[in-house]
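Report on one structure; see the data block that follows.
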Amino acid sequence: MKAVHTFKWISDKKAYLNEIHVEELGPLSIGLYGGNSEGSAVENEEAVLAWCDPHGTWEFVMIFDAEHTIERAQFIINIICERKEKLLQLFSYPNHLVFHHTHMYLLSLFTDETFIEESEKMRGKTDCLICLRKDQLVYWLSVGECFIYLFHPELQQCKQGRLNEQRFYERIGRRNVFAAATPCFTSGVRELQKGTNHIVVATDKIIACGERMFKEEHFLYHSLLNVRYILEKMNAWKETNSAAIIGWTVDVGG
């Protein structure tokens with residue numbers, strides 16, 4: 001199997017209560033925060049899986065925000081990791097094929113009868129956001145309330161940073177969007193612009209924290225190069241909620 005940089009974190013192994021953890025993986029800056037116990041935080045129900053090509057061609061990240069159990073996020077991560085070789089093969093496809101085939105492969109996993117049956121046995125519900133960046137294109141698939149942003153100076157002038165919106169009633173769980181005859185989710189592909197592009201994926205607690213300053217995209221845009229700063233602000237506000245955020249920069253030549 002082709003060697004790639006790998007990061008996997010499940011919050012039941014390390015919750016990071018009252019603690020900020022930032023880890024670098026290739027270009028990725030991965031920030032984790034379990035909430036402040038002074039604000040009555042008692043558990044962290046988030047998870048992250050990240051792979052990146054050592055040669056900088058692509059990055060693949062998954063971020064989860066669960067309710068009542070982290071079991072389903074662990075279950076999904078295990079399924080993805082078991083199929084790592086197939087996914088890496090898909091990532092090697094040319095750009096006019098890679099995103100379509102990766103999207104269809106992911107949907108085939110999520111709509112598989114066994115996956116649905118096993119997932120619906122577990123308590124609670126799970127938000128999930130998947131992102132693949134290859135060359136100067138970025139793909140995402142989102143269920144629930146996690147966010148993905150693509151920041152670029154020209155896009156910021158048009159206030160076009162966020163690529164998806166919150167979907168409060170779409171979850172993977174006992175009421176599973178993938179069990180429906182027509183599954184509901186958000187997905188898309190966007191082209192990166194010439195110059196410096198910043199990609200950010202985050203759980204929704206980032207924008208709901210404290211003074212809600214990060215709900216304004218320009219605050220998040222100017223803070224994203226320092227993931228630790230964002231989490232330190234949350235800790236200073238004694239946030240009960242946990243948070244996970246991944247940010248990285250992609251430069252596109254002229």
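Within each chain, counting starts at residue 1; across the structure tokens, chains are named A, B, ... in the order shown, with ligands numbered 1 upward in that order.
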Please give the complete set of residues from segment 17-231 of chain A that DSSP, run on the backbone, assigns to alpha helix (DSSP H), formatted as a ChimeraX atom specification.
-> /A:71-82,84-91,95-110,113-120,153-157,205-208,217-223,227-231
Can you pull out every residue within 6 Å of segment 17-25 of chain A, counting only C-alpha atoms, but drop anything in the same chain fewer than 6 positions away, and send it as a compact mmCIF listing (two decimals) with all heavy atoms, in the first residue's frame?
```txt
# COMPACT_ATOMS: atom_id res chain seq x y z
N GLY A 31 -6.58 20.98 14.81
CA GLY A 31 -6.80 21.49 16.16
C GLY A 31 -7.95 20.79 16.85
O GLY A 31 -9.03 20.64 16.27
N LEU A 32 -7.72 20.36 18.10
CA LEU A 32 -8.72 19.63 18.87
C LEU A 32 -8.87 20.28 20.24
O LEU A 32 -7.88 20.65 20.88
CB LEU A 32 -8.29 18.16 19.05
CG LEU A 32 -7.89 17.42 17.77
CD1 LEU A 32 -7.29 16.06 18.11
CD2 LEU A 32 -9.08 17.27 16.82
N TYR A 33 -10.11 20.38 20.70
CA TYR A 33 -10.39 20.98 22.00
C TYR A 33 -11.62 20.32 22.59
O TYR A 33 -12.66 20.21 21.93
CB TYR A 33 -10.61 22.48 21.84
CG TYR A 33 -11.05 23.19 23.10
CD1 TYR A 33 -10.23 23.21 24.23
CD2 TYR A 33 -12.28 23.84 23.17
CE1 TYR A 33 -10.62 23.86 25.38
CE2 TYR A 33 -12.68 24.50 24.31
CZ TYR A 33 -11.85 24.50 25.42
OH TYR A 33 -12.25 25.14 26.57
N GLY A 34 -11.51 19.86 23.85
CA GLY A 34 -12.58 19.10 24.46
C GLY A 34 -13.56 19.89 25.29
O GLY A 34 -14.46 19.32 25.89
N GLY A 35 -13.40 21.21 25.33
CA GLY A 35 -14.28 22.02 26.17
C GLY A 35 -13.67 22.27 27.53
O GLY A 35 -12.72 21.61 27.96
N ASN A 36 -14.22 23.25 28.23
CA ASN A 36 -13.69 23.67 29.53
C ASN A 36 -14.60 23.14 30.63
O ASN A 36 -15.81 23.38 30.62
CB ASN A 36 -13.63 25.20 29.56
CG ASN A 36 -12.86 25.72 30.75
OD1 ASN A 36 -13.22 25.43 31.89
ND2 ASN A 36 -11.82 26.49 30.48
```
The residue from A:Val138, A:Cys146, A:Met122, A:Ala3 with the smallest atom-to-atom distance to Trp58 of chain A, counting only C-alpha atoms, is A:Val138
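With only C-alpha atoms as the atoms that count, the residue of A:Ile230, A:Ile245, A:Ile207, A:Ala179 with the shortest distance to Ser119 of chain A is A:Ala179.
Counting only C-alpha atoms and comparing A:Ile80, A:Asp251, A:Thr102, A:His68, the residue that lies closest to His152 of chain A is A:Asp251.
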Out of segment 10-223 of chain A, which residues get strand (DSSP E) from DSSP, as a ChimeraX atom specification?
-> /A:10,20-25,28-33,46-52,58-67,125-134,137-143,147-151,172-173,186-191,195-202
With C-alpha atoms retained, export the selected residues as a PDB file, in the first residue's frame.
```pdb
ATOM      1  CA  ILE A  10     -11.332   9.284  18.380  1.00  0.00           C
ATOM      2  CA  ILE A  20      -5.826  22.387  23.336  1.00  0.00           C
ATOM      3  CA  HIS A  21      -4.047  20.009  21.013  1.00  0.00           C
ATOM      4  CA  VAL A  22      -2.679  21.091  17.653  1.00  0.00           C
ATOM      5  CA  GLU A  23      -0.923  18.633  15.376  1.00  0.00           C
ATOM      6  CA  GLU A  24       0.703  19.206  12.006  1.00  0.00           C
ATOM      7  CA  LEU A  25       0.313  16.561   9.299  1.00  0.00           C
ATOM      8  CA  LEU A  28      -2.691  20.178   7.581  1.00  0.00           C
ATOM      9  CA  SER A  29      -2.996  21.974  10.904  1.00  0.00           C
ATOM     10  CA  ILE A  30      -5.353  19.859  13.041  1.00  0.00           C
ATOM     11  CA  GLY A  31      -6.800  21.489  16.158  1.00  0.00           C
ATOM     12  CA  LEU A  32      -8.718  19.628  18.871  1.00  0.00           C
ATOM     13  CA  TYR A  33     -10.387  20.983  21.999  1.00  0.00           C
ATOM     14  CA  GLU A  46     -15.829  14.188  17.971  1.00  0.00           C
ATOM     15  CA  ALA A  47     -13.454  12.344  15.680  1.00  0.00           C
ATOM     16  CA  VAL A  48     -11.024  13.053  12.841  1.00  0.00           C
ATOM     17  CA  LEU A  49      -9.402  11.004  10.093  1.00  0.00           C
ATOM     18  CA  ALA A  50      -6.838  12.653   7.829  1.00  0.00           C
ATOM     19  CA  TRP A  51      -4.586  11.365   5.070  1.00  0.00           C
ATOM     20  CA  CYS A  52      -2.290  13.381   2.853  1.00  0.00           C
ATOM     21  CA  TRP A  58      -3.932  15.664  -2.437  1.00  0.00           C
ATOM     22  CA  GLU A  59      -5.402  15.691   1.081  1.00  0.00           C
ATOM     23  CA  PHE A  60      -8.356  13.642   2.349  1.00  0.00           C
ATOM     24  CA  VAL A  61     -10.046  14.506   5.649  1.00  0.00           C
ATOM     25  CA  MET A  62     -13.109  13.359   7.564  1.00  0.00           C
ATOM     26  CA  ILE A  63     -14.490  15.205  10.564  1.00  0.00           C
ATOM     27  CA  PHE A  64     -17.276  13.970  12.850  1.00  0.00           C
ATOM     28  CA  ASP A  65     -19.501  15.535  15.495  1.00  0.00           C
ATOM     29  CA  ALA A  66     -21.616  12.978  17.368  1.00  0.00           C
ATOM     30  CA  GLU A  67     -24.434  13.106  19.885  1.00  0.00           C
ATOM     31  CA  LYS A 125     -26.728  10.608  15.662  1.00  0.00           C
ATOM     32  CA  THR A 126     -23.602  11.682  13.839  1.00  0.00           C
ATOM     33  CA  ASP A 127     -22.642  14.627  11.633  1.00  0.00           C
ATOM     34  CA  CYS A 128     -19.980  13.862   9.050  1.00  0.00           C
ATOM     35  CA  LEU A 129     -18.048  15.967   6.562  1.00  0.00           C
ATOM     36  CA  ILE A 130     -15.624  14.490   4.020  1.00  0.00           C
ATOM     37  CA  CYS A 131     -13.227  16.573   1.939  1.00  0.00           C
ATOM     38  CA  LEU A 132     -10.794  15.629  -0.834  1.00  0.00           C
ATOM     39  CA  ARG A 133      -8.470  18.200  -2.359  1.00  0.00           C
ATOM     40  CA  LYS A 134      -6.546  17.170  -5.449  1.00  0.00           C
ATOM     41  CA  LEU A 137      -9.970  21.235  -7.111  1.00  0.00           C
ATOM     42  CA  VAL A 138     -11.730  20.462  -3.827  1.00  0.00           C
ATOM     43  CA  TYR A 139     -14.637  18.025  -3.301  1.00  0.00           C
ATOM     44  CA  TRP A 140     -16.824  17.645  -0.235  1.00  0.00           C
ATOM     45  CA  LEU A 141     -19.708  15.525   1.031  1.00  0.00           C
ATOM     46  CA  SER A 142     -21.557  16.718   4.124  1.00  0.00           C
ATOM     47  CA  VAL A 143     -24.339  15.371   6.336  1.00  0.00           C
ATOM     48  CA  PHE A 147     -18.649  23.233   7.832  1.00  0.00           C
ATOM     49  CA  ILE A 148     -16.217  23.547   4.968  1.00  0.00           C
ATOM     50  CA  TYR A 149     -14.747  26.845   3.807  1.00  0.00           C
ATOM     51  CA  LEU A 150     -12.639  27.813   0.820  1.00  0.00           C
ATOM     52  CA  PHE A 151     -11.006  31.167   1.446  1.00  0.00           C
ATOM     53  CA  ILE A 172     -26.376   9.450  10.125  1.00  0.00           C
ATOM     54  CA  GLY A 173     -28.168   7.570  12.898  1.00  0.00           C
ATOM     55  CA  THR A 186     -24.669  18.257   0.464  1.00  0.00           C
ATOM     56  CA  SER A 187     -21.792  17.742  -1.946  1.00  0.00           C
ATOM     57  CA  GLY A 188     -19.887  19.661  -4.555  1.00  0.00           C
ATOM     58  CA  VAL A 189     -16.646  20.439  -6.327  1.00  0.00           C
ATOM     59  CA  ARG A 190     -14.990  23.856  -6.444  1.00  0.00           C
ATOM     60  CA  GLU A 191     -11.951  25.128  -8.277  1.00  0.00           C
ATOM     61  CA  GLY A 195      -2.692  32.444  -5.637  1.00  0.00           C
ATOM     62  CA  THR A 196      -3.091  31.321  -2.026  1.00  0.00           C
ATOM     63  CA  ASN A 197      -6.184  29.328  -1.087  1.00  0.00           C
ATOM     64  CA  HIS A 198      -7.131  28.317   2.456  1.00  0.00           C
ATOM     65  CA  ILE A 199      -9.329  25.292   3.095  1.00  0.00           C
ATOM     66  CA  VAL A 200     -10.961  24.872   6.506  1.00  0.00           C
ATOM     67  CA  VAL A 201     -13.225  22.108   7.808  1.00  0.00           C
ATOM     68  CA  ALA A 202     -14.714  22.452  11.279  1.00  0.00           C
TER      69      ALA A 202
END
```
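The list of residues with at least one atom within 10 Å of Ile116 of chain A, based on only C-alpha atoms and without residues fewer than 3 positions apart in the same chain, reads Leu109, Phe110, Thr111, Asp112, Glu113, Ser119, Glu120, Lys121, Ile172, Gly173, Arg174, Arg175, Asn176, Val177, Phe178 and Ala179 of chain A.
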Requested write-out: all heavy atoms of the selected residues, as a short mmCIF file (atom, residue, chain, number, x, y, z; two decimals), in the first residue's frame:
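Generated output (out08.cif):
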```cif
data_model
loop_
_atom_site.label_atom_id
_atom_site.label_comp_id
_atom_site.auth_asym_id
_atom_site.auth_seq_id
_atom_site.Cartn_x
_atom_site.Cartn_y
_atom_site.Cartn_z
N LEU A 109 -20.77 2.96 -0.09
CA LEU A 109 -20.49 2.50 1.28
C LEU A 109 -21.62 2.91 2.22
O LEU A 109 -22.11 2.10 3.02
CB LEU A 109 -19.17 3.10 1.78
CG LEU A 109 -17.89 2.69 1.04
CD1 LEU A 109 -16.68 3.39 1.67
CD2 LEU A 109 -17.69 1.18 1.07
N PHE A 110 -22.05 4.17 2.12
CA PHE A 110 -23.05 4.69 3.06
C PHE A 110 -24.45 4.13 2.81
O PHE A 110 -25.27 4.09 3.72
CB PHE A 110 -23.10 6.22 3.00
CG PHE A 110 -21.89 6.89 3.61
CD1 PHE A 110 -21.26 7.94 2.98
CD2 PHE A 110 -21.40 6.46 4.83
CE1 PHE A 110 -20.15 8.56 3.55
CE2 PHE A 110 -20.30 7.07 5.41
CZ PHE A 110 -19.67 8.11 4.77
N THR A 111 -24.74 3.74 1.57
CA THR A 111 -26.07 3.21 1.26
C THR A 111 -26.10 1.69 1.27
O THR A 111 -27.15 1.09 1.00
CB THR A 111 -26.55 3.72 -0.11
OG1 THR A 111 -25.60 3.36 -1.12
CG2 THR A 111 -26.75 5.23 -0.10
N ASP A 112 -25.00 1.06 1.60
CA ASP A 112 -24.95 -0.40 1.71
C ASP A 112 -25.89 -0.86 2.84
O ASP A 112 -25.91 -0.26 3.93
CB ASP A 112 -23.52 -0.84 1.99
CG ASP A 112 -23.40 -2.34 2.15
OD1 ASP A 112 -23.41 -3.05 1.14
OD2 ASP A 112 -23.35 -2.80 3.32
N GLU A 113 -26.65 -1.91 2.60
CA GLU A 113 -27.64 -2.37 3.58
C GLU A 113 -26.99 -2.74 4.91
O GLU A 113 -27.54 -2.46 5.98
CB GLU A 113 -28.41 -3.57 3.02
CG GLU A 113 -29.39 -3.19 1.92
CD GLU A 113 -30.23 -4.38 1.48
OE1 GLU A 113 -30.17 -5.44 2.15
OE2 GLU A 113 -30.96 -4.25 0.47
N SER A 119 -25.35 0.76 11.53
CA SER A 119 -25.38 2.14 12.01
C SER A 119 -26.62 2.42 12.83
O SER A 119 -26.57 3.12 13.84
CB SER A 119 -25.29 3.09 10.82
OG SER A 119 -25.31 4.44 11.24
N GLU A 120 -27.75 1.87 12.40
CA GLU A 120 -29.00 2.15 13.09
C GLU A 120 -29.13 1.41 14.42
O GLU A 120 -30.03 1.71 15.21
CB GLU A 120 -30.18 1.83 12.17
CG GLU A 120 -30.27 2.81 11.00
CD GLU A 120 -31.45 2.55 10.09
OE1 GLU A 120 -32.07 1.47 10.21
OE2 GLU A 120 -31.75 3.42 9.25
N LYS A 121 -28.23 0.47 14.69
CA LYS A 121 -28.22 -0.21 15.99
C LYS A 121 -27.60 0.66 17.08
O LYS A 121 -27.80 0.42 18.27
CB LYS A 121 -27.42 -1.51 15.90
CG LYS A 121 -28.07 -2.60 15.06
CD LYS A 121 -27.15 -3.81 14.97
CE LYS A 121 -27.71 -4.89 14.06
NZ LYS A 121 -26.77 -6.04 13.93
N ILE A 172 -26.57 10.89 10.22
CA ILE A 172 -26.38 9.45 10.13
C ILE A 172 -26.72 8.90 11.50
O ILE A 172 -26.09 9.27 12.49
CB ILE A 172 -24.93 9.10 9.75
CG1 ILE A 172 -24.55 9.78 8.43
CG2 ILE A 172 -24.77 7.58 9.62
CD1 ILE A 172 -23.09 9.61 8.05
N GLY A 173 -27.73 8.06 11.59
CA GLY A 173 -28.17 7.57 12.90
C GLY A 173 -29.35 6.65 12.75
O GLY A 173 -29.55 6.03 11.71
N ARG A 174 -30.15 6.56 13.80
CA ARG A 174 -31.33 5.71 13.72
C ARG A 174 -32.33 6.26 12.70
O ARG A 174 -33.11 5.51 12.12
CB ARG A 174 -31.96 5.57 15.11
CG ARG A 174 -31.08 4.72 16.02
CD ARG A 174 -31.68 4.49 17.38
NE ARG A 174 -30.84 3.59 18.15
CZ ARG A 174 -31.01 3.32 19.43
NH1 ARG A 174 -32.01 3.89 20.09
NH2 ARG A 174 -30.22 2.49 20.05
N ARG A 175 -32.32 7.56 12.52
CA ARG A 175 -33.04 8.17 11.40
C ARG A 175 -31.95 8.57 10.40
O ARG A 175 -31.43 9.66 10.42
CB ARG A 175 -33.83 9.39 11.87
CG ARG A 175 -34.72 10.00 10.80
CD ARG A 175 -35.54 11.15 11.37
NE ARG A 175 -36.41 11.74 10.36
CZ ARG A 175 -36.03 12.71 9.52
NH1 ARG A 175 -34.81 13.19 9.60
NH2 ARG A 175 -36.87 13.20 8.63
N ASN A 176 -31.63 7.63 9.52
CA ASN A 176 -30.42 7.72 8.70
C ASN A 176 -30.76 8.27 7.31
O ASN A 176 -31.58 7.70 6.60
CB ASN A 176 -29.80 6.31 8.59
CG ASN A 176 -28.40 6.34 8.02
OD1 ASN A 176 -28.02 7.28 7.33
ND2 ASN A 176 -27.64 5.30 8.30
N VAL A 177 -30.13 9.37 6.93
CA VAL A 177 -30.43 9.95 5.62
C VAL A 177 -30.11 8.97 4.48
O VAL A 177 -30.75 9.02 3.42
CB VAL A 177 -29.66 11.27 5.39
CG1 VAL A 177 -30.08 12.33 6.39
CG2 VAL A 177 -28.16 11.05 5.41
N PHE A 178 -29.15 8.08 4.70
CA PHE A 178 -28.76 7.16 3.64
C PHE A 178 -29.69 5.95 3.54
O PHE A 178 -29.57 5.16 2.61
CB PHE A 178 -27.32 6.70 3.84
CG PHE A 178 -26.32 7.82 3.62
CD1 PHE A 178 -25.58 8.32 4.68
CD2 PHE A 178 -26.14 8.38 2.37
CE1 PHE A 178 -24.67 9.36 4.48
CE2 PHE A 178 -25.25 9.41 2.16
CZ PHE A 178 -24.51 9.90 3.22
N ALA A 179 -30.61 5.83 4.49
CA ALA A 179 -31.60 4.76 4.43
C ALA A 179 -32.81 5.15 3.60
O ALA A 179 -33.64 4.31 3.25
CB ALA A 179 -32.04 4.36 5.84
#
```
How far is it from atom CA of Glu118 of chain A to atom CA of Phe91 of chain A, in Å with one decimal?
-> 27.4 Å
Of A:Leu87, A:Lys194, A:Tyr16, A:Gln74, the one sitting nearest Ser37 of chain A when using only C-alpha atoms is A:Tyr16
Fewer than 2 positions away in the same chain doesn't count, so skip those; otherwise give me all residues within 7 Å of Thr57 of chain A, counting only C-alpha atoms, as JSON, numbers by chain.
-> {"A": [53, 55, 134, 135]}
